Amino acid sequence: MLQYFTGSKNHNIALRSFALSKGLSLSEYGIKHVRTGKIDTYATEEAFYNALGLPYIPPELREDKGEIQAAIRGSLPKLVDIKDVMGDVHLHTDYNLEPSHDLGMDSFTALLDRAAELHYEYIGLSDHNPSITNHSEKQIVAIMKRRKEYYEQQYSSWEKKTHKRVKYVLMCEVDILPDGKLALSDAALEYVDAVIASVHSSFTQERRIVTKRIVRAIESNPKVRILGHPTGRLLSKREGIDADWGEVFRACKTHDIALEINSYPDRLDLPDTLVFDAIKSGLRFCINTDSHAADHMNLMQYGVSVARRGWATKDDIVNTLSYNKFKSWLLKGA
């Protein structure tokens with residue numbers, strides 16, 4: 001019964017067709033032998049699938065997207081697990097760099113403490129860029145310089161005081177402007193290790209224009225390493241942007257850009273259907289919480305669930321890498 005009601009309708013139809021080819025009939029009551037009428041029942045889903053001559057198919061894959069054929073071939077993916085995640089690199093602190101959007105609610109050191117509790121090797125500080133309407137370029141460069149110095153001082157003090165081993169990378173979530181330019185100049189970007197580039201405005205642009213906009217941002221500076229919450233959707237509040245995702249994925253592939261899987265419950269973005277398509281294109285992902293408070297870091301499980309529904313493995317996710325390997329990937333364009 002658990003299998004019957006966990007699998008989607010299409011998965012169960014395909015599974016019943018497969019079973020009938022073996023002289024078996026499936027229902028919520030068990031597996032019936034058509035010739036004898038005998039019904040076998042099973043204590044676990046693993047035993048149920050094994051009785052059909054198949055390995056266990058995880059619930060997230062039961063959508064009739066080729067999982068039965070993959071099971072027959074023995075090529076089901078080993079899905080990413082939350083224990084594989086080594087760090088969370090889309091975090092907002094309460095450091096006031098007079099940003100374009102909201103500040104976080106907790107300090108850098110509070111995020112480090114929470115990361116240590118989660119057994120992470122590293123975090124990424126990805127505050128929103130300073131507001132470009134309220135500051136000159138010279139002021140923004142000065143703000144970014146002060147920010148870097150502040151975090152360096154805070155980290156040194158925290159490390160000496162706690163003797164904990166969590167590392168950090170200094171990043172910034174930078175607005176992709178309507179024309180595809182980044183909201184920070186190259187001079188300001190000298191004070192970050194890498195950029196998460198995100199759309200935060202003009203969500204209703206025509207398909208051709210918004211696609212060109214995102215691709216231009218990806219190509220604009222080698223420090224752009226992650227495309228943040230790519231569709232920009234807010235569940236039950238705002239539809240995602242209408243981009244040509246095939247073209248966006250090709251640009252990401254060319255420049256080795258990771259697509260974010262944003263774990264925040266209002267977002268869950270990239271959606272699992274697009275994760276599935278991007279996996280087939282050989283792209284990589286970064287699962288982040290987009291935390292604006294230390295306890296938001298507990299939301300990682302939701303992004304992992306999205307990744308699993310998209311058939312993602314540990315090897316598809318850049319923040320399953322150790323700190324040294326992740327930083328090596330991150331700084332590739334620096």
# chains A, B, ... in the order shown; residues from 1 in each chain; ligands from 1
$ select_by_dssp --residues "segment 14-242 of chain A" --states "strand (DSSP E)" --output "JSON, numbers by chain"
{"A": [24, 25, 26, 27, 30, 31, 32, 33, 39, 40, 87, 88, 89, 90, 91, 122, 123, 124, 125, 167, 168, 169, 170, 171, 172, 173, 174, 175, 194, 195, 196, 197, 198, 224, 225, 226, 227]}
$ write_last_selection --atoms "N, CA and C atoms" --output "compact mmCIF listing (two decimals), in the first residue's frame"
# COMPACT_ATOMS: atom_id res chain seq x y z
N LEU A 24 2.32 -11.07 -13.61
CA LEU A 24 1.99 -10.57 -12.27
C LEU A 24 1.05 -9.37 -12.38
N SER A 25 0.25 -9.17 -11.35
CA SER A 25 -0.68 -8.06 -11.29
C SER A 25 -0.49 -7.31 -9.98
N LEU A 26 -0.37 -5.98 -10.07
CA LEU A 26 -0.08 -5.18 -8.89
C LEU A 26 -1.32 -4.44 -8.40
N SER A 27 -1.41 -4.28 -7.11
CA SER A 27 -2.44 -3.45 -6.50
C SER A 27 -1.95 -3.02 -5.13
N GLY A 30 -0.90 -6.05 -2.84
CA GLY A 30 0.30 -6.86 -3.01
C GLY A 30 0.54 -7.21 -4.47
N ILE A 31 1.26 -8.29 -4.69
CA ILE A 31 1.56 -8.77 -6.04
C ILE A 31 0.82 -10.07 -6.26
N LYS A 32 -0.05 -10.05 -7.25
CA LYS A 32 -0.89 -11.22 -7.54
C LYS A 32 -0.30 -12.00 -8.70
N HIS A 33 -0.20 -13.31 -8.55
CA HIS A 33 0.21 -14.20 -9.63
C HIS A 33 -1.02 -14.49 -10.48
N ILE A 39 -1.78 -14.02 -3.91
CA ILE A 39 -1.29 -12.67 -3.66
C ILE A 39 -0.18 -12.72 -2.62
N ASP A 40 0.98 -12.18 -3.00
CA ASP A 40 2.10 -12.08 -2.07
C ASP A 40 2.15 -10.67 -1.50
N GLY A 87 28.85 22.29 2.73
CA GLY A 87 28.79 23.71 3.04
C GLY A 87 27.57 24.37 2.41
N ASP A 88 27.27 25.57 2.89
CA ASP A 88 26.13 26.37 2.44
C ASP A 88 26.69 27.74 2.10
N VAL A 89 26.59 28.14 0.83
CA VAL A 89 27.31 29.35 0.42
C VAL A 89 26.42 30.51 -0.02
N HIS A 90 25.13 30.42 0.29
CA HIS A 90 24.24 31.56 0.03
C HIS A 90 23.63 31.96 1.36
N LEU A 91 24.40 32.76 2.11
CA LEU A 91 24.01 33.19 3.46
C LEU A 91 24.12 34.71 3.56
N TYR A 122 32.58 24.55 5.45
CA TYR A 122 32.69 25.93 5.00
C TYR A 122 31.31 26.56 4.80
N ILE A 123 31.31 27.88 4.78
CA ILE A 123 30.12 28.65 4.41
C ILE A 123 30.54 29.72 3.41
N GLY A 124 29.57 30.30 2.75
CA GLY A 124 29.81 31.43 1.86
C GLY A 124 28.98 32.61 2.30
N LEU A 125 29.58 33.77 2.38
CA LEU A 125 28.87 34.99 2.75
C LEU A 125 28.43 35.68 1.47
N LYS A 167 35.58 27.00 7.59
CA LYS A 167 36.18 28.02 6.74
C LYS A 167 35.08 28.87 6.10
N TYR A 168 35.48 29.97 5.45
CA TYR A 168 34.49 30.77 4.74
C TYR A 168 35.06 31.25 3.42
N VAL A 169 34.15 31.50 2.49
CA VAL A 169 34.51 32.16 1.23
C VAL A 169 33.70 33.45 1.16
N LEU A 170 34.33 34.50 0.71
CA LEU A 170 33.69 35.82 0.66
C LEU A 170 33.05 36.01 -0.71
N MET A 171 31.73 36.00 -0.70
CA MET A 171 30.97 36.10 -1.94
C MET A 171 30.03 37.29 -1.87
N CYS A 172 29.22 37.44 -2.88
CA CYS A 172 28.20 38.48 -2.89
C CYS A 172 27.09 38.05 -3.84
N GLU A 173 25.84 38.24 -3.43
CA GLU A 173 24.74 38.02 -4.35
C GLU A 173 24.50 39.33 -5.10
N VAL A 174 24.73 39.30 -6.39
CA VAL A 174 24.72 40.52 -7.20
C VAL A 174 23.53 40.51 -8.14
N ASP A 175 22.82 41.63 -8.17
CA ASP A 175 21.65 41.75 -9.04
C ASP A 175 22.05 41.67 -10.51
N ALA A 194 33.91 35.32 -5.25
CA ALA A 194 33.02 34.85 -6.32
C ALA A 194 31.64 35.48 -6.15
N VAL A 195 30.84 35.32 -7.19
CA VAL A 195 29.53 35.97 -7.25
C VAL A 195 28.42 34.94 -7.48
N ILE A 196 27.32 35.13 -6.75
CA ILE A 196 26.04 34.52 -7.11
C ILE A 196 25.25 35.59 -7.84
N ALA A 197 24.98 35.39 -9.11
CA ALA A 197 24.24 36.37 -9.91
C ALA A 197 22.77 35.99 -9.93
N SER A 198 21.90 36.94 -9.59
CA SER A 198 20.48 36.64 -9.44
C SER A 198 19.60 37.72 -10.05
N VAL A 224 31.56 35.37 -11.71
CA VAL A 224 30.21 34.81 -11.65
C VAL A 224 30.34 33.29 -11.70
N ARG A 225 29.96 32.61 -10.62
CA ARG A 225 30.13 31.17 -10.53
C ARG A 225 28.83 30.42 -10.29
N ILE A 226 27.81 31.12 -9.79
CA ILE A 226 26.53 30.48 -9.48
C ILE A 226 25.40 31.37 -9.98
N LEU A 227 24.41 30.75 -10.62
CA LEU A 227 23.20 31.46 -11.03
C LEU A 227 22.16 31.24 -9.94
$ select_by_dssp --residues "segment 256-296 of chain A" --states "alpha helix (DSSP H)" --output "MDAnalysis selection string"
chainID A and resid 272:280
$ residues_around --residues "Arg146 of chain A" --least-positions-apart "5" --cutoff "12 Å" --atoms "only C-alpha atoms" --output "PyMOL selection string"
chain A and resi 95-97+139-141+151-153+188+191-192
$ write_last_selection --atoms "N, CA and C atoms" --output "CSV table (one decimal), in the first residue's frame"
chain,number,residue,atom,x,y,z
A,95,TYR,N,25.5,42.3,8.6
A,95,TYR,CA,26.4,43.4,8.3
A,95,TYR,C,25.8,44.4,7.3
A,96,ASN,N,25.7,45.6,7.7
A,96,ASN,CA,25.0,46.6,6.9
A,96,ASN,C,25.9,47.3,5.8
A,97,LEU,N,25.8,46.7,4.6
A,97,LEU,CA,26.5,47.3,3.5
A,97,LEU,C,25.5,48.2,2.6
A,139,GLN,N,31.8,55.0,-3.8
A,139,GLN,CA,31.3,54.7,-2.5
A,139,GLN,C,31.1,53.1,-2.4
A,140,ILE,N,30.6,52.5,-3.5
A,140,ILE,CA,30.4,51.1,-3.4
A,140,ILE,C,31.7,50.3,-3.3
A,141,VAL,N,32.7,50.7,-4.0
A,141,VAL,CA,34.0,50.1,-3.9
A,141,VAL,C,34.5,50.2,-2.5
A,151,TYR,N,35.0,41.2,7.8
A,151,TYR,CA,34.8,39.8,7.9
A,151,TYR,C,36.1,39.1,8.2
A,152,GLU,N,37.2,39.6,7.7
A,152,GLU,CA,38.5,39.0,8.0
A,152,GLU,C,38.8,39.2,9.5
A,153,GLN,N,38.5,40.4,10.1
A,153,GLN,CA,38.8,40.6,11.5
A,153,GLN,C,37.8,39.7,12.3
A,188,ALA,N,34.6,46.8,-7.8
A,188,ALA,CA,34.0,46.4,-6.6
A,188,ALA,C,34.1,44.9,-6.4
A,191,TYR,N,36.9,42.7,-4.4
A,191,TYR,CA,36.8,42.4,-3.0
A,191,TYR,C,35.9,41.2,-2.6
A,192,VAL,N,35.7,40.4,-3.6
A,192,VAL,CA,35.0,39.1,-3.3
A,192,VAL,C,35.7,38.0,-4.0
$ closest_residue --among "A:Tyr29, A:Trp329, A:Phe276, A:Trp245" --to "Ile257 of chain A" --atoms "only C-alpha atoms"
A:Trp329
$ residues_around --residues "Asp84 of chain A" --least-positions-apart "4" --cutoff "12 Å" --atoms "only C-alpha atoms" --output "short mmCIF file (atom, residue, chain, number, x, y, z; two decimals) with C-alpha atoms, in the first residue's frame"
data_model
loop_
_atom_site.label_atom_id
_atom_site.label_comp_id
_atom_site.auth_asym_id
_atom_site.auth_seq_id
_atom_site.Cartn_x
_atom_site.Cartn_y
_atom_site.Cartn_z
CA LYS A 78 22.66 7.10 -6.36
CA LEU A 79 20.81 10.19 -5.24
CA VAL A 80 22.49 12.95 -3.27
CA ASP A 88 26.13 26.37 2.44
CA LEU A 118 25.83 21.17 11.17
CA HIS A 119 29.36 19.76 10.68
CA TYR A 120 29.96 21.88 7.60
CA GLU A 121 33.48 22.47 6.37
CA ILE A 287 22.25 23.58 -3.06
CA MET A 300 18.93 22.50 3.46
CA GLN A 301 16.83 19.32 3.45
CA VAL A 304 18.26 18.24 -1.27
CA ALA A 312 20.95 14.56 -8.95
CA THR A 313 23.84 12.63 -7.45
CA LYS A 314 26.57 13.80 -5.10
CA ASP A 315 28.86 14.33 -8.10
CA ASP A 316 26.39 16.80 -9.62
CA ILE A 317 26.53 19.12 -6.60
CA VAL A 318 29.54 21.41 -6.14
CA ASN A 319 29.01 21.98 -2.42
CA THR A 320 29.43 18.29 -1.69
CA LEU A 321 33.11 18.92 -2.42
CA SER A 322 35.60 19.34 0.39
#
$ closest_residue --among "A:Ile57, A:His101, A:Glu63, A:Ser291" --to "Lys9 of chain A" --atoms "only C-alpha atoms"
A:Glu63
$ closest_residue --among "A:Lys145, A:Lys280, A:Arg16, A:Arg165" --to "Ala187 of chain A" --atoms "only C-alpha atoms"
A:Lys145
$ residues_around --residues "Leu283 of chain A" --least-positions-apart "5" --cutoff "10 Å" --atoms "only C-alpha atoms" --output "ChimeraX atom specification"
/A:249-250,252-254,256-259,275,277-278,316-317
$ write_last_selection --atoms "C-alpha atoms" --output "mmCIF file, in the first residue's frame"
data_model
loop_
_atom_site.group_PDB
_atom_site.id
_atom_site.type_symbol
_atom_site.label_atom_id
_atom_site.label_comp_id
_atom_site.auth_asym_id
_atom_site.auth_seq_id
_atom_site.Cartn_x
_atom_site.Cartn_y
_atom_site.Cartn_z
ATOM 1 C CA PHE A 249 21.951 25.861 -19.767
ATOM 2 C CA ARG A 250 24.315 25.954 -22.734
ATOM 3 C CA CYS A 252 26.210 27.703 -17.971
ATOM 4 C CA LYS A 253 27.876 24.629 -19.435
ATOM 5 C CA THR A 254 30.303 26.705 -21.487
ATOM 6 C CA ASP A 256 31.084 26.049 -15.850
ATOM 7 C CA ILE A 257 28.404 27.965 -13.913
ATOM 8 C CA ALA A 258 26.550 26.081 -11.181
ATOM 9 C CA LEU A 259 22.779 26.405 -11.110
ATOM 10 C CA VAL A 275 17.008 20.077 -12.560
ATOM 11 C CA ASP A 277 16.672 18.627 -17.798
ATOM 12 C CA ALA A 278 19.903 20.268 -16.651
ATOM 13 C CA ASP A 316 26.386 16.804 -9.623
ATOM 14 C CA ILE A 317 26.528 19.124 -6.597
#
$ atom_distance --atom1 "atom CA of His11 of chain A" --atom2 "atom CA of Gly66 of chain A"
9.3 Å
$ residues_around --residues "Asp106 of chain A" --least-positions-apart "6" --cutoff "9 Å" --atoms "only C-alpha atoms" --output "list in words"
His92, Thr93, Asp94, Tyr95, His292, Ala293 and Ala294 of chain A
$ residues_around --residues "segment 180-183 of chain A" --least-positions-apart "4" --cutoff "12 Å" --atoms "only C-alpha atoms" --output "PyMOL selection string"
chain A and resi 99-100+128-133+135-137+140-141+172-176+187-189+195-202+205+209-224
$ write_last_selection --atoms "N, CA and C atoms" --output "tab-separated table (two decimals), in the first residue's frame"
chain	number	residue	atom	x	y	z
A	99	PRO	N	22.42	47.57	1.42
A	99	PRO	CA	22.20	46.75	0.22
A	99	PRO	C	20.97	47.12	-0.60
A	100	SER	N	20.91	46.51	-1.76
A	100	SER	CA	19.77	46.71	-2.66
A	100	SER	C	18.53	46.02	-2.13
A	128	HIS	N	23.55	40.78	-0.21
A	128	HIS	CA	23.17	41.51	-1.42
A	128	HIS	C	24.14	42.66	-1.66
A	129	ASN	N	24.33	43.00	-2.93
A	129	ASN	CA	25.21	44.11	-3.27
A	129	ASN	C	24.68	45.44	-2.71
A	130	PRO	N	25.56	46.39	-2.47
A	130	PRO	CA	25.10	47.72	-2.06
A	130	PRO	C	24.16	48.31	-3.12
A	131	SER	N	23.22	49.10	-2.66
A	131	SER	CA	22.27	49.74	-3.58
A	131	SER	C	23.00	50.64	-4.56
A	132	ILE	N	22.73	50.43	-5.84
A	132	ILE	CA	23.41	51.25	-6.85
A	132	ILE	C	22.67	52.57	-7.09
A	133	THR	N	21.46	52.68	-6.58
A	133	THR	CA	20.73	53.95	-6.73
A	133	THR	C	21.08	54.94	-5.63
A	135	HIS	N	24.19	55.01	-4.04
A	135	HIS	CA	25.63	55.19	-3.87
A	135	HIS	C	26.31	55.42	-5.22
A	136	SER	N	27.40	56.15	-5.18
A	136	SER	CA	28.26	56.27	-6.36
A	136	SER	C	29.12	55.03	-6.47
A	137	GLU	N	29.74	54.83	-7.62
A	137	GLU	CA	30.60	53.66	-7.79
A	137	GLU	C	31.77	53.71	-6.82
A	140	ILE	N	30.59	52.53	-3.47
A	140	ILE	CA	30.35	51.09	-3.45
A	140	ILE	C	31.66	50.32	-3.32
A	141	VAL	N	32.67	50.74	-4.04
A	141	VAL	CA	33.98	50.09	-3.94
A	141	VAL	C	34.50	50.20	-2.51
A	172	CYS	N	29.22	37.44	-2.88
A	172	CYS	CA	28.20	38.48	-2.89
A	172	CYS	C	27.09	38.05	-3.84
A	173	GLU	N	25.84	38.24	-3.43
A	173	GLU	CA	24.74	38.02	-4.35
A	173	GLU	C	24.50	39.33	-5.10
A	174	VAL	N	24.73	39.30	-6.39
A	174	VAL	CA	24.72	40.52	-7.20
A	174	VAL	C	23.53	40.51	-8.14
A	175	ASP	N	22.82	41.63	-8.17
A	175	ASP	CA	21.65	41.75	-9.04
A	175	ASP	C	22.05	41.67	-10.51
A	176	ILE	N	21.26	40.92	-11.27
A	176	ILE	CA	21.35	40.99	-12.73
A	176	ILE	C	20.38	42.07	-13.17
A	187	ALA	N	35.70	46.75	-10.45
A	187	ALA	CA	36.52	47.26	-9.34
A	187	ALA	C	35.95	46.81	-8.00
A	188	ALA	N	34.64	46.83	-7.85
A	188	ALA	CA	34.01	46.39	-6.60
A	188	ALA	C	34.15	44.88	-6.42
A	189	LEU	N	34.14	44.15	-7.53
A	189	LEU	CA	34.24	42.69	-7.45
A	189	LEU	C	35.63	42.21	-7.08
A	195	VAL	N	30.84	35.32	-7.19
A	195	VAL	CA	29.53	35.97	-7.25
A	195	VAL	C	28.42	34.94	-7.48
A	196	ILE	N	27.32	35.13	-6.75
A	196	ILE	CA	26.04	34.52	-7.11
A	196	ILE	C	25.25	35.59	-7.84
A	197	ALA	N	24.98	35.39	-9.11
A	197	ALA	CA	24.24	36.37	-9.91
A	197	ALA	C	22.77	35.99	-9.93
A	198	SER	N	21.90	36.94	-9.59
A	198	SER	CA	20.48	36.64	-9.44
A	198	SER	C	19.60	37.72	-10.05
A	199	VAL	N	18.47	37.31	-10.61
A	199	VAL	CA	17.45	38.24	-11.08
A	199	VAL	C	16.55	38.62	-9.91
A	200	HIS	N	16.41	39.92	-9.67
A	200	HIS	CA	15.56	40.41	-8.59
A	200	HIS	C	14.55	41.46	-9.07
A	201	SER	N	14.45	41.66	-10.37
A	201	SER	CA	13.55	42.69	-10.89
A	201	SER	C	13.17	42.35	-12.33
A	202	SER	N	12.17	43.08	-12.85
A	202	SER	CA	11.74	42.94	-14.26
A	202	SER	C	11.50	41.48	-14.62
A	205	GLN	N	9.82	40.27	-18.36
A	205	GLN	CA	10.44	40.53	-19.66
A	205	GLN	C	10.12	39.42	-20.66
A	209	ILE	N	14.33	38.44	-24.55
A	209	ILE	CA	15.08	39.48	-23.84
A	209	ILE	C	15.63	38.95	-22.51
A	210	VAL	N	14.79	38.23	-21.76
A	210	VAL	CA	15.25	37.75	-20.45
A	210	VAL	C	16.31	36.67	-20.62
A	211	THR	N	16.21	35.88	-21.68
A	211	THR	CA	17.24	34.87	-21.95
A	211	THR	C	18.58	35.55	-22.25
A	212	LYS	N	18.54	36.55	-23.12
A	212	LYS	CA	19.75	37.30	-23.45
A	212	LYS	C	20.31	37.98	-22.21
A	213	ARG	N	19.42	38.46	-21.35
A	213	ARG	CA	19.82	39.13	-20.11
A	213	ARG	C	20.63	38.20	-19.21
A	214	ILE	N	20.13	36.99	-19.01
A	214	ILE	CA	20.81	36.04	-18.12
A	214	ILE	C	22.14	35.60	-18.72
A	215	VAL	N	22.14	35.31	-20.02
A	215	VAL	CA	23.37	34.86	-20.68
A	215	VAL	C	24.43	35.96	-20.61
A	216	ARG	N	24.03	37.20	-20.80
A	216	ARG	CA	24.99	38.31	-20.71
A	216	ARG	C	25.60	38.38	-19.31
A	217	ALA	N	24.79	38.18	-18.28
A	217	ALA	CA	25.29	38.20	-16.90
A	217	ALA	C	26.29	37.08	-16.66
A	218	ILE	N	25.98	35.90	-17.17
A	218	ILE	CA	26.87	34.74	-17.02
A	218	ILE	C	28.22	35.02	-17.65
A	219	GLU	N	28.20	35.73	-18.77
A	219	GLU	CA	29.43	35.98	-19.52
A	219	GLU	C	30.15	37.26	-19.09
A	220	SER	N	29.55	38.01	-18.16
A	220	SER	CA	30.02	39.37	-17.88
A	220	SER	C	31.31	39.44	-17.10
A	221	ASN	N	31.52	38.50	-16.18
A	221	ASN	CA	32.72	38.54	-15.33
A	221	ASN	C	33.06	37.14	-14.90
A	222	PRO	N	34.32	36.74	-14.94
A	222	PRO	CA	34.69	35.36	-14.57
A	222	PRO	C	34.41	35.02	-13.11
A	223	LYS	N	34.14	36.01	-12.27
A	223	LYS	CA	33.82	35.71	-10.88
A	223	LYS	C	32.38	35.25	-10.69
A	224	VAL	N	31.56	35.37	-11.71
A	224	VAL	CA	30.21	34.81	-11.65
A	224	VAL	C	30.34	33.29	-11.70
$ decode --residues "segment 125-151 of chain A" --atoms "N, CA and C atoms" --output "short mmCIF file (atom, residue, chain, number, x, y, z; two decimals), in the first residue's frame"
data_model
loop_
_atom_site.label_atom_id
_atom_site.label_comp_id
_atom_site.auth_asym_id
_atom_site.auth_seq_id
_atom_site.Cartn_x
_atom_site.Cartn_y
_atom_site.Cartn_z
N LEU A 125 29.58 33.77 2.38
CA LEU A 125 28.87 34.99 2.75
C LEU A 125 28.43 35.68 1.47
N SER A 126 27.12 35.73 1.26
CA SER A 126 26.59 36.21 -0.02
C SER A 126 25.56 37.31 0.21
N ASP A 127 25.96 38.34 0.95
CA ASP A 127 25.09 39.49 1.16
C ASP A 127 24.71 40.11 -0.18
N HIS A 128 23.55 40.78 -0.21
CA HIS A 128 23.17 41.51 -1.42
C HIS A 128 24.14 42.66 -1.66
N ASN A 129 24.33 43.00 -2.93
CA ASN A 129 25.21 44.11 -3.27
C ASN A 129 24.68 45.44 -2.71
N PRO A 130 25.56 46.39 -2.47
CA PRO A 130 25.10 47.72 -2.06
C PRO A 130 24.16 48.31 -3.12
N SER A 131 23.22 49.10 -2.66
CA SER A 131 22.27 49.74 -3.58
C SER A 131 23.00 50.64 -4.56
N ILE A 132 22.73 50.43 -5.84
CA ILE A 132 23.41 51.25 -6.85
C ILE A 132 22.67 52.57 -7.09
N THR A 133 21.46 52.68 -6.58
CA THR A 133 20.73 53.95 -6.73
C THR A 133 21.08 54.94 -5.63
N ASN A 134 21.58 54.43 -4.52
CA ASN A 134 21.87 55.30 -3.37
C ASN A 134 23.35 55.59 -3.18
N HIS A 135 24.19 55.01 -4.04
CA HIS A 135 25.63 55.19 -3.87
C HIS A 135 26.31 55.42 -5.22
N SER A 136 27.40 56.15 -5.18
CA SER A 136 28.26 56.27 -6.36
C SER A 136 29.12 55.03 -6.47
N GLU A 137 29.74 54.83 -7.62
CA GLU A 137 30.60 53.66 -7.79
C GLU A 137 31.77 53.71 -6.82
N LYS A 138 32.32 54.90 -6.59
CA LYS A 138 33.43 55.04 -5.65
C LYS A 138 33.00 54.63 -4.24
N GLN A 139 31.80 55.02 -3.84
CA GLN A 139 31.29 54.66 -2.52
C GLN A 139 31.09 53.14 -2.40
N ILE A 140 30.59 52.53 -3.47
CA ILE A 140 30.35 51.09 -3.45
C ILE A 140 31.66 50.32 -3.32
N VAL A 141 32.67 50.74 -4.04
CA VAL A 141 33.98 50.09 -3.94
C VAL A 141 34.50 50.20 -2.51
N ALA A 142 34.33 51.36 -1.90
CA ALA A 142 34.79 51.56 -0.51
C ALA A 142 34.00 50.67 0.45
N ILE A 143 32.69 50.54 0.23
CA ILE A 143 31.85 49.67 1.08
C ILE A 143 32.32 48.22 0.97
N MET A 144 32.59 47.77 -0.24
CA MET A 144 33.01 46.38 -0.44
C MET A 144 34.38 46.13 0.19
N LYS A 145 35.25 47.11 0.14
CA LYS A 145 36.57 46.97 0.76
C LYS A 145 36.43 46.87 2.28
N ARG A 146 35.59 47.74 2.88
CA ARG A 146 35.38 47.70 4.33
C ARG A 146 34.74 46.38 4.75
N ARG A 147 33.82 45.88 3.93
CA ARG A 147 33.16 44.60 4.22
C ARG A 147 34.19 43.47 4.30
N LYS A 148 35.06 43.41 3.33
CA LYS A 148 36.08 42.36 3.33
C LYS A 148 36.95 42.44 4.58
N GLU A 149 37.37 43.64 4.94
CA GLU A 149 38.22 43.82 6.12
C GLU A 149 37.47 43.43 7.39
N TYR A 150 36.19 43.79 7.47
CA TYR A 150 35.38 43.46 8.64
C TYR A 150 35.28 41.96 8.83
N TYR A 151 34.96 41.23 7.76
CA TYR A 151 34.81 39.78 7.87
C TYR A 151 36.14 39.11 8.22
#
